[in-house]
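Q: Here's a structure for you.
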Amino acid sequence: MKFLASLSGLVGRTFAYWVVLFAVLGFILPDIFKQIVPYIVPLLAIIMFGMGLTIKGRDFVEVLRRPVEVGIGVVSQFLIMPLLAVALTTIIPMSPEVAAGVILVGCCPGGTSSNVMAYLSKGDIALSVACTSVTTLLAPFVTPFLVYLLASQYLPVDAMAMFISIIKMVLAPLALGYALQKVMPKAVAAAVPALPLVSVIGIVLIVSAVVAVSKGAIASSGLMIFAVVVLHNGCGYLLGYFASRAFGLSLAKRKAISIEVGMQNSGLGAALANAHFSPVAAVPSAIFSVWHNISGALIANYYAGKTDEEEPARLGTRNA
């Protein structure tokens, strides 16, 4: 078990490299990785089950202890990223499938990787975890509503079907994992060190499957989608930072909310796009999954050097 925990920790720390590697493999060997497509939803459910195993009651106590700060993070997440997505799809010409995919990933909750990046940035980790937990729990209600509101002009959106999908893929596995903590606490505690390995395997397989089945679309418009993803992600960091600064939050809290806003649950975006739109619509989420782990590490390193109230003037140029 110690070896497994060490391996899991190593794989978790090198997450971005594995995502890039398997994205490339999916592109080069599409016939192999296309076979994973039917398992995208179960893979995401396994990842969310693992998250449920790590959720603690204190994460929700944090929400009650400082609701205003968590509220700023949650509202910023569900306001900034969807509106940025709409702006980008309006300004940059793209197919309806890609546009719907960009908006979908923008409407997703925060990704759990943001908690790691908040730690590396010397940000407010408890605030980051609380925001991720709340946006994840709100996702079944907020994400389908926002997608229906903002993406219906591109593709038909069945908000109720999407709601049911998120319940199955997110809330049910989360609840099961949390319940298992209470029933088998010792077994769960022993398994937790291996969870990063499970999450990395799940995400890289989802990304490789989406890339494999969308090879043609990536070959023809991959650079455009990549540019949109980089802008979306970078502007998310920037606006998240300045939104929290506008409310007078401390530097550590600004770091946490900035990273929380910029990093999405792109695995959920890929699964939903593949299930409700098309494989092409899942490409922005797949590329987002690759890029935000790279940019997240860069922004965390930049923020870690900020220990006073100095303005991060070059933030936009480094991450946009």
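Starting from 1 in every chain, residues are counted up; chains themselves are A, B, ... following the order of the structure tokens, and ligands are numbered from 1 as listed.
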Would you pick out the contacts of Val129 (chain A) at 8 Å or less, using only C-alpha atoms, so that residues sharing its chain but fewer than 6 positions from it are not included, and give the list as a list in words?
A: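 My list of contacting residues is Asp59, Thr112 and Asn115 of chain A.
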Q: Mind writing the picked residues with N, CA, C and O atoms as a short mmCIF file (atom, residue, chain, number, x, y, z; two decimals), in the first residue's frame?
A:
data_model
loop_
_atom_site.label_atom_id
_atom_site.label_comp_id
_atom_site.auth_asym_id
_atom_site.auth_seq_id
_atom_site.Cartn_x
_atom_site.Cartn_y
_atom_site.Cartn_z
N ASP A 59 -15.70 20.77 5.36
CA ASP A 59 -15.78 21.53 4.11
C ASP A 59 -17.06 22.35 4.06
O ASP A 59 -17.08 23.47 3.54
N THR A 112 -11.50 19.82 -9.19
CA THR A 112 -10.79 19.52 -7.93
C THR A 112 -9.30 19.86 -8.02
O THR A 112 -8.65 20.06 -6.99
N ASN A 115 -7.96 22.88 -6.07
CA ASN A 115 -7.59 22.82 -4.65
C ASN A 115 -6.09 22.60 -4.48
O ASN A 115 -5.45 23.20 -3.62
#
Q: Report the closest atom pair, with its distance in Å rounded to one decimal, for each residue of region 208-307 of chain A that has an atom no farther than 8 Å from region 155-173 of chain A; count only C-alpha atoms, sort by chain and then rising residue number, and write it as CSV.
A:
residue,atom,partner,partner_atom,distance
A:Leu272,CA,A:Met162,CA,7.2
A:His276,CA,A:Met162,CA,7.3
A:Phe277,CA,A:Leu155,CA,7.5
Q: With N, CA and C atoms retained, write the just-selected residues as a PDB file, in the first residue's frame.
A:
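Output saved as again-v8.pdb:
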ATOM      1  N   LEU A 272     -20.609  15.277 -20.580  1.00  0.00           N
ATOM      2  CA  LEU A 272     -21.909  15.843 -20.945  1.00  0.00           C
ATOM      3  C   LEU A 272     -21.984  16.152 -22.439  1.00  0.00           C
ATOM      4  N   HIS A 276     -24.744  14.454 -24.758  1.00  0.00           N
ATOM      5  CA  HIS A 276     -25.898  15.268 -25.137  1.00  0.00           C
ATOM      6  C   HIS A 276     -25.716  16.067 -26.431  1.00  0.00           C
ATOM      7  N   PHE A 277     -24.487  16.254 -26.878  1.00  0.00           N
ATOM      8  CA  PHE A 277     -24.249  17.005 -28.109  1.00  0.00           C
ATOM      9  C   PHE A 277     -23.587  16.105 -29.151  1.00  0.00           C
TER      10      PHE A 277
END
Q: Need to verify the contact set: Val37 (chain A), 10 Å, only C-alpha atoms, exclusion of same-chain residues closer than 2 positions in sequence. Can you return it as an mmCIF file with all heavy atoms, in the first residue's frame?
A:
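Saved result, result_28.cif, follows:
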data_model
loop_
_atom_site.group_PDB
_atom_site.id
_atom_site.type_symbol
_atom_site.label_atom_id
_atom_site.label_comp_id
_atom_site.auth_asym_id
_atom_site.auth_seq_id
_atom_site.Cartn_x
_atom_site.Cartn_y
_atom_site.Cartn_z
ATOM 1 N N PHE A 33 -8.167 4.099 -28.886
ATOM 2 C CA PHE A 33 -8.789 4.875 -27.819
ATOM 3 C C PHE A 33 -10.272 5.175 -28.060
ATOM 4 O O PHE A 33 -10.991 5.522 -27.131
ATOM 5 C CB PHE A 33 -7.996 6.160 -27.585
ATOM 6 C CG PHE A 33 -6.654 5.910 -26.960
ATOM 7 C CD1 PHE A 33 -5.510 5.793 -27.747
ATOM 8 C CD2 PHE A 33 -6.534 5.751 -25.594
ATOM 9 C CE1 PHE A 33 -4.274 5.541 -27.171
ATOM 10 C CE2 PHE A 33 -5.305 5.499 -25.006
ATOM 11 C CZ PHE A 33 -4.180 5.385 -25.790
ATOM 12 N N LYS A 34 -10.746 5.017 -29.299
ATOM 13 C CA LYS A 34 -12.181 5.171 -29.559
ATOM 14 C C LYS A 34 -12.997 4.158 -28.762
ATOM 15 O O LYS A 34 -14.169 4.399 -28.450
ATOM 16 C CB LYS A 34 -12.468 4.991 -31.046
ATOM 17 C CG LYS A 34 -12.176 6.198 -31.910
ATOM 18 C CD LYS A 34 -12.495 5.888 -33.367
ATOM 19 C CE LYS A 34 -12.136 7.047 -34.277
ATOM 20 N NZ LYS A 34 -12.394 6.711 -35.706
ATOM 21 N N GLN A 35 -12.396 3.035 -28.455
ATOM 22 C CA GLN A 35 -13.100 1.973 -27.740
ATOM 23 C C GLN A 35 -13.456 2.382 -26.301
ATOM 24 O O GLN A 35 -14.278 1.732 -25.650
ATOM 25 C CB GLN A 35 -12.241 0.708 -27.725
ATOM 26 C CG GLN A 35 -11.924 0.169 -29.114
ATOM 27 C CD GLN A 35 -11.001 -1.031 -29.081
ATOM 28 O OE1 GLN A 35 -11.233 -1.981 -28.342
ATOM 29 N NE2 GLN A 35 -9.933 -0.989 -29.875
ATOM 30 N N TYR A 39 -17.360 4.228 -22.201
ATOM 31 C CA TYR A 39 -17.075 4.172 -20.767
ATOM 32 C C TYR A 39 -16.781 5.547 -20.159
ATOM 33 O O TYR A 39 -16.372 5.641 -18.999
ATOM 34 C CB TYR A 39 -15.898 3.231 -20.498
ATOM 35 C CG TYR A 39 -16.102 1.849 -21.075
ATOM 36 C CD1 TYR A 39 -15.488 1.474 -22.267
ATOM 37 C CD2 TYR A 39 -16.930 0.936 -20.432
ATOM 38 C CE1 TYR A 39 -15.695 0.223 -22.820
ATOM 39 C CE2 TYR A 39 -17.140 -0.330 -20.963
ATOM 40 C CZ TYR A 39 -16.524 -0.681 -22.162
ATOM 41 O OH TYR A 39 -16.743 -1.921 -22.699
ATOM 42 N N ILE A 40 -16.983 6.616 -20.931
ATOM 43 C CA ILE A 40 -16.687 7.957 -20.419
ATOM 44 C C ILE A 40 -17.525 8.287 -19.189
ATOM 45 O O ILE A 40 -17.005 8.781 -18.181
ATOM 46 C CB ILE A 40 -16.902 9.015 -21.532
ATOM 47 C CG1 ILE A 40 -15.784 8.930 -22.574
ATOM 48 C CG2 ILE A 40 -16.944 10.422 -20.934
ATOM 49 C CD1 ILE A 40 -15.949 9.893 -23.735
ATOM 50 N N VAL A 41 -18.825 8.020 -19.260
ATOM 51 C CA VAL A 41 -19.702 8.332 -18.123
ATOM 52 C C VAL A 41 -19.326 7.519 -16.884
ATOM 53 O O VAL A 41 -19.178 8.082 -15.786
ATOM 54 C CB VAL A 41 -21.176 8.134 -18.498
ATOM 55 C CG1 VAL A 41 -22.070 8.223 -17.265
ATOM 56 C CG2 VAL A 41 -21.612 9.183 -19.530
ATOM 57 N N LEU A 43 -16.451 6.299 -16.134
ATOM 58 C CA LEU A 43 -15.153 6.792 -15.661
ATOM 59 C C LEU A 43 -15.312 8.061 -14.831
ATOM 60 O O LEU A 43 -14.687 8.214 -13.768
ATOM 61 C CB LEU A 43 -14.221 7.069 -16.852
ATOM 62 C CG LEU A 43 -13.595 5.844 -17.522
ATOM 63 C CD1 LEU A 43 -12.938 6.231 -18.844
ATOM 64 C CD2 LEU A 43 -12.579 5.183 -16.593
ATOM 65 N N LEU A 205 -7.971 8.855 -19.638
ATOM 66 C CA LEU A 205 -8.729 7.984 -20.541
ATOM 67 C C LEU A 205 -9.872 8.739 -21.197
ATOM 68 O O LEU A 205 -10.151 8.556 -22.394
ATOM 69 C CB LEU A 205 -9.259 6.763 -19.771
ATOM 70 C CG LEU A 205 -8.214 5.738 -19.347
ATOM 71 C CD1 LEU A 205 -8.868 4.609 -18.556
ATOM 72 C CD2 LEU A 205 -7.476 5.167 -20.559
ATOM 73 N N ILE A 206 -10.545 9.606 -20.433
ATOM 74 C CA ILE A 206 -11.618 10.427 -21.008
ATOM 75 C C ILE A 206 -11.058 11.346 -22.089
ATOM 76 O O ILE A 206 -11.605 11.446 -23.197
ATOM 77 C CB ILE A 206 -12.322 11.248 -19.911
ATOM 78 C CG1 ILE A 206 -13.147 10.330 -18.996
ATOM 79 C CG2 ILE A 206 -13.234 12.317 -20.530
ATOM 80 C CD1 ILE A 206 -13.726 11.035 -17.779
ATOM 81 N N VAL A 207 -9.958 12.021 -21.788
ATOM 82 C CA VAL A 207 -9.343 12.943 -22.748
ATOM 83 C C VAL A 207 -8.899 12.202 -24.005
ATOM 84 O O VAL A 207 -9.162 12.640 -25.133
ATOM 85 C CB VAL A 207 -8.151 13.685 -22.111
ATOM 86 C CG1 VAL A 207 -7.356 14.443 -23.175
ATOM 87 C CG2 VAL A 207 -8.644 14.649 -21.042
ATOM 88 N N SER A 208 -8.237 11.068 -23.834
ATOM 89 C CA SER A 208 -7.746 10.317 -24.995
ATOM 90 C C SER A 208 -8.899 9.823 -25.857
ATOM 91 O O SER A 208 -8.801 9.818 -27.092
ATOM 92 C CB SER A 208 -6.889 9.131 -24.541
ATOM 93 O OG SER A 208 -7.652 8.209 -23.773
ATOM 94 N N ALA A 209 -10.016 9.417 -25.231
ATOM 95 C CA ALA A 209 -11.175 8.943 -25.992
ATOM 96 C C ALA A 209 -11.801 10.077 -26.801
ATOM 97 O O ALA A 209 -12.141 9.911 -27.976
ATOM 98 C CB ALA A 209 -12.212 8.339 -25.043
ATOM 99 N N VAL A 210 -11.947 11.250 -26.176
ATOM 100 C CA VAL A 210 -12.530 12.398 -26.875
ATOM 101 C C VAL A 210 -11.641 12.828 -28.030
ATOM 102 O O VAL A 210 -12.128 13.116 -29.137
ATOM 103 C CB VAL A 210 -12.756 13.572 -25.892
ATOM 104 C CG1 VAL A 210 -13.132 14.840 -26.657
ATOM 105 C CG2 VAL A 210 -13.843 13.224 -24.888
ATOM 106 N N ALA A 212 -9.505 10.953 -29.671
ATOM 107 C CA ALA A 212 -9.517 9.909 -30.698
ATOM 108 C C ALA A 212 -10.740 10.011 -31.592
ATOM 109 O O ALA A 212 -10.637 9.942 -32.823
ATOM 110 C CB ALA A 212 -9.469 8.530 -30.038
ATOM 111 N N VAL A 213 -11.911 10.197 -30.974
ATOM 112 C CA VAL A 213 -13.143 10.205 -31.761
ATOM 113 C C VAL A 213 -13.339 11.527 -32.503
ATOM 114 O O VAL A 213 -14.163 11.618 -33.410
ATOM 115 C CB VAL A 213 -14.351 9.909 -30.838
ATOM 116 C CG1 VAL A 213 -14.764 11.127 -30.034
ATOM 117 C CG2 VAL A 213 -15.525 9.341 -31.633
ATOM 118 N N ALA A 271 -17.857 14.630 -20.691
ATOM 119 C CA ALA A 271 -18.869 13.577 -20.580
ATOM 120 C C ALA A 271 -20.242 14.082 -21.017
ATOM 121 O O ALA A 271 -20.971 13.399 -21.748
ATOM 122 C CB ALA A 271 -18.926 13.053 -19.150
ATOM 123 N N ASN A 274 -20.305 14.746 -24.884
ATOM 124 C CA ASN A 274 -20.357 13.500 -25.642
ATOM 125 C C ASN A 274 -21.734 12.852 -25.548
ATOM 126 O O ASN A 274 -22.238 12.266 -26.511
ATOM 127 C CB ASN A 274 -19.285 12.538 -25.131
ATOM 128 C CG ASN A 274 -19.123 11.326 -26.020
ATOM 129 O OD1 ASN A 274 -18.648 11.413 -27.141
ATOM 130 N ND2 ASN A 274 -19.542 10.174 -25.519
ATOM 131 N N ALA A 275 -22.372 12.968 -24.372
ATOM 132 C CA ALA A 275 -23.667 12.331 -24.153
ATOM 133 C C ALA A 275 -24.825 13.120 -24.762
ATOM 134 O O ALA A 275 -25.798 12.528 -25.246
ATOM 135 C CB ALA A 275 -23.901 12.134 -22.651
ATOM 136 N N PRO A 279 -19.308 14.256 -30.203
ATOM 137 C CA PRO A 279 -17.891 14.177 -29.832
ATOM 138 C C PRO A 279 -17.132 15.464 -30.126
ATOM 139 O O PRO A 279 -16.219 15.834 -29.373
ATOM 140 C CB PRO A 279 -17.377 13.011 -30.685
ATOM 141 C CG PRO A 279 -18.578 12.153 -30.915
ATOM 142 C CD PRO A 279 -19.715 13.130 -31.053
#
Q: If we count only C-alpha atoms, what is near Arg58 (chain A) at a cut-off of 12 Å, once residues fewer than 2 positions away on the same chain are taken out, given as a ChimeraX atom specification?
A: /A:54-56,60-65,126-127,129-130,133
Q: Could you check the closest approach to Leu84 (chain A) for each of A:Lys182, A:His232, A:Lys122, A:Lys215 and tell me which residue wins, using only C-alpha atoms?
A: A:His232
Q: May I have the residues within 7 Å of region 296-308 of chain A as number ranges by chain, using only C-alpha atoms and disregarding those fewer than 6 positions away in the same chain?
A: A: 117-118, 120-122, 255
Q: Based on the backbone DSSP call, show me all residues of region 88-269 of chain A assigned helix (DSSP H, G or I), as a ChimeraX atom specification.
A: /A:88-91,96-106,113-120,125-151,159-183,185-213,215-246,251-262,266-269
Q: One number please: CA of Ser8 (chain A) to CA of Ile46 (chain A), in Å, one decimal.
A: 15.9 Å
Q: Using only C-alpha atoms, find each residue of region 148-267 of chain A with at least one atom at most 9 Å away from an atom of region 87-106 of chain A; report its shortest atom-to-atom pair and that distance in Å (one decimal), sort the rows by chain and rising residue number, and return the result as JSON lines.
A:
{"residue": "A:Leu150", "atom": "CA", "partner": "A:Ile103", "partner_atom": "CA", "distance": 7.2}
{"residue": "A:Ala151", "atom": "CA", "partner": "A:Ala100", "partner_atom": "CA", "distance": 5.4}
{"residue": "A:Ser152", "atom": "CA", "partner": "A:Ala100", "partner_atom": "CA", "distance": 8.0}
{"residue": "A:Gln153", "atom": "CA", "partner": "A:Pro96", "partner_atom": "CA", "distance": 8.5}
{"residue": "A:Tyr154", "atom": "CA", "partner": "A:Pro96", "partner_atom": "CA", "distance": 4.9}
{"residue": "A:Leu155", "atom": "CA", "partner": "A:Pro96", "partner_atom": "CA", "distance": 6.6}
{"residue": "A:Ser221", "atom": "CA", "partner": "A:Met94", "partner_atom": "CA", "distance": 8.6}
{"residue": "A:Met224", "atom": "CA", "partner": "A:Met94", "partner_atom": "CA", "distance": 8.3}
{"residue": "A:Ile225", "atom": "CA", "partner": "A:Val98", "partner_atom": "CA", "distance": 7.8}
{"residue": "A:Val228", "atom": "CA", "partner": "A:Leu88", "partner_atom": "CA", "distance": 6.9}
{"residue": "A:Val229", "atom": "CA", "partner": "A:Val102", "partner_atom": "CA", "distance": 7.8}
{"residue": "A:Leu231", "atom": "CA", "partner": "A:Leu88", "partner_atom": "CA", "distance": 8.3}
{"residue": "A:His232", "atom": "CA", "partner": "A:Leu88", "partner_atom": "CA", "distance": 7.6}
{"residue": "A:Gln264", "atom": "CA", "partner": "A:Val105", "partner_atom": "CA", "distance": 6.9}
{"residue": "A:Asn265", "atom": "CA", "partner": "A:Val105", "partner_atom": "CA", "distance": 7.6}
{"residue": "A:Ser266", "atom": "CA", "partner": "A:Val105", "partner_atom": "CA", "distance": 6.1}
{"residue": "A:Gly267", "atom": "CA", "partner": "A:Val105", "partner_atom": "CA", "distance": 9.0}
Q: Can I get the selected residues back with all heavy atoms, as a tab-separated table (two decimals), in the first residue's frame?
A:
chain	number	residue	atom	x	y	z
A	150	LEU	N	-27.76	29.72	-22.62
A	150	LEU	CA	-26.69	30.32	-23.42
A	150	LEU	C	-26.32	29.55	-24.69
A	150	LEU	O	-25.78	30.14	-25.62
A	150	LEU	CB	-25.44	30.47	-22.55
A	150	LEU	CG	-25.61	31.29	-21.25
A	150	LEU	CD1	-24.33	31.24	-20.43
A	150	LEU	CD2	-26.00	32.73	-21.58
A	151	ALA	N	-26.60	28.25	-24.74
A	151	ALA	CA	-26.14	27.45	-25.87
A	151	ALA	C	-27.26	26.97	-26.79
A	151	ALA	O	-26.97	26.35	-27.83
A	151	ALA	CB	-25.35	26.24	-25.37
A	152	SER	N	-28.50	27.23	-26.44
A	152	SER	CA	-29.62	26.75	-27.27
A	152	SER	C	-29.61	27.34	-28.66
A	152	SER	O	-30.20	26.77	-29.59
A	152	SER	CB	-30.95	27.09	-26.58
A	152	SER	OG	-31.10	26.37	-25.39
A	153	GLN	N	-28.97	28.48	-28.82
A	153	GLN	CA	-28.90	29.09	-30.16
A	153	GLN	C	-28.01	28.30	-31.10
A	153	GLN	O	-28.09	28.46	-32.33
A	153	GLN	CB	-28.38	30.53	-30.03
A	153	GLN	CG	-26.96	30.61	-29.44
A	153	GLN	CD	-26.46	32.03	-29.34
A	153	GLN	OE1	-26.55	32.78	-30.30
A	153	GLN	NE2	-25.96	32.41	-28.17
A	154	TYR	N	-27.15	27.42	-30.54
A	154	TYR	CA	-26.23	26.64	-31.37
A	154	TYR	C	-26.72	25.21	-31.60
A	154	TYR	O	-26.66	24.71	-32.72
A	154	TYR	CB	-24.84	26.61	-30.72
A	154	TYR	CG	-24.21	27.97	-30.63
A	154	TYR	CD1	-24.05	28.62	-29.41
A	154	TYR	CD2	-23.76	28.62	-31.77
A	154	TYR	CE1	-23.47	29.88	-29.33
A	154	TYR	CE2	-23.18	29.89	-31.70
A	154	TYR	CZ	-23.03	30.51	-30.47
A	154	TYR	OH	-22.46	31.76	-30.40
A	155	LEU	N	-27.17	24.56	-30.52
A	155	LEU	CA	-27.65	23.18	-30.61
A	155	LEU	C	-28.85	23.00	-29.69
A	155	LEU	O	-28.96	23.71	-28.68
A	155	LEU	CB	-26.54	22.20	-30.19
A	155	LEU	CG	-25.30	22.07	-31.09
A	155	LEU	CD1	-24.30	21.12	-30.44
A	155	LEU	CD2	-25.66	21.59	-32.48
A	221	SER	N	-9.45	22.26	-36.97
A	221	SER	CA	-9.65	23.50	-36.20
A	221	SER	C	-9.09	23.44	-34.79
A	221	SER	O	-9.49	24.21	-33.92
A	221	SER	CB	-11.14	23.84	-36.15
A	221	SER	OG	-11.89	22.77	-35.64
A	224	MET	N	-7.52	26.75	-33.43
A	224	MET	CA	-8.54	27.74	-33.06
A	224	MET	C	-9.15	27.39	-31.70
A	224	MET	O	-9.30	28.25	-30.84
A	224	MET	CB	-9.61	27.81	-34.13
A	224	MET	CG	-10.75	28.79	-33.84
A	224	MET	SD	-12.08	28.06	-32.83
A	224	MET	CE	-12.77	26.89	-34.00
A	225	ILE	N	-9.48	26.11	-31.52
A	225	ILE	CA	-10.08	25.69	-30.25
A	225	ILE	C	-9.09	25.89	-29.10
A	225	ILE	O	-9.45	26.35	-28.02
A	225	ILE	CB	-10.54	24.23	-30.33
A	225	ILE	CG1	-11.59	24.05	-31.42
A	225	ILE	CG2	-11.12	23.78	-28.98
A	225	ILE	CD1	-11.99	22.60	-31.66
A	228	VAL	N	-9.01	29.51	-28.15
A	228	VAL	CA	-10.21	29.86	-27.39
A	228	VAL	C	-10.09	29.37	-25.95
A	228	VAL	O	-10.41	30.10	-24.99
A	228	VAL	CB	-11.47	29.26	-28.06
A	228	VAL	CG1	-12.69	29.41	-27.15
A	228	VAL	CG2	-11.74	29.95	-29.39
A	229	VAL	N	-9.61	28.14	-25.78
A	229	VAL	CA	-9.46	27.57	-24.43
A	229	VAL	C	-8.45	28.37	-23.61
A	229	VAL	O	-8.68	28.66	-22.43
A	229	VAL	CB	-9.03	26.09	-24.54
A	229	VAL	CG1	-8.53	25.57	-23.19
A	229	VAL	CG2	-10.19	25.23	-25.01
A	231	LEU	N	-7.58	31.53	-23.96
A	231	LEU	CA	-8.19	32.82	-23.62
A	231	LEU	C	-9.23	32.66	-22.53
A	231	LEU	O	-9.28	33.46	-21.57
A	231	LEU	CB	-8.82	33.43	-24.87
A	231	LEU	CG	-7.87	34.04	-25.90
A	231	LEU	CD1	-8.62	34.37	-27.19
A	231	LEU	CD2	-7.20	35.29	-25.34
A	232	HIS	N	-10.07	31.65	-22.65
A	232	HIS	CA	-11.13	31.40	-21.67
A	232	HIS	C	-10.53	31.18	-20.28
A	232	HIS	O	-10.92	31.81	-19.29
A	232	HIS	CB	-11.92	30.17	-22.12
A	232	HIS	CG	-13.23	30.00	-21.44
A	232	HIS	ND1	-14.01	28.88	-21.59
A	232	HIS	CD2	-13.93	30.80	-20.58
A	232	HIS	CE1	-15.12	29.00	-20.89
A	232	HIS	NE2	-15.08	30.16	-20.26
A	264	GLN	N	-11.91	24.51	-14.55
A	264	GLN	CA	-13.22	23.90	-14.64
A	264	GLN	C	-13.16	22.39	-14.45
A	264	GLN	O	-12.11	21.77	-14.63
A	264	GLN	CB	-13.85	24.19	-16.00
A	264	GLN	CG	-13.99	25.67	-16.33
A	264	GLN	CD	-14.98	26.37	-15.43
A	264	GLN	OE1	-14.60	26.85	-14.37
A	264	GLN	NE2	-16.24	26.40	-15.82
A	265	ASN	N	-14.31	21.80	-14.13
A	265	ASN	CA	-14.43	20.34	-14.13
A	265	ASN	C	-14.62	19.91	-15.59
A	265	ASN	O	-15.73	19.62	-16.04
A	265	ASN	CB	-15.62	19.89	-13.27
A	265	ASN	CG	-15.67	18.38	-13.09
A	265	ASN	OD1	-15.15	17.63	-13.91
A	265	ASN	ND2	-16.30	17.93	-12.03
A	266	SER	N	-13.52	19.90	-16.32
A	266	SER	CA	-13.58	19.64	-17.76
A	266	SER	C	-13.92	18.19	-18.07
A	266	SER	O	-14.42	17.88	-19.15
A	266	SER	CB	-12.27	20.03	-18.43
A	266	SER	OG	-11.17	19.53	-17.71
A	267	GLY	N	-13.68	17.28	-17.11
A	267	GLY	CA	-14.09	15.90	-17.30
A	267	GLY	C	-15.61	15.80	-17.39
A	267	GLY	O	-16.15	15.07	-18.24
Q: Give me, please, the distance in Å between CA of Ile80 (chain A) and CA of Val283 (chain A), quoted to one decimal.
A: 20.9 Å
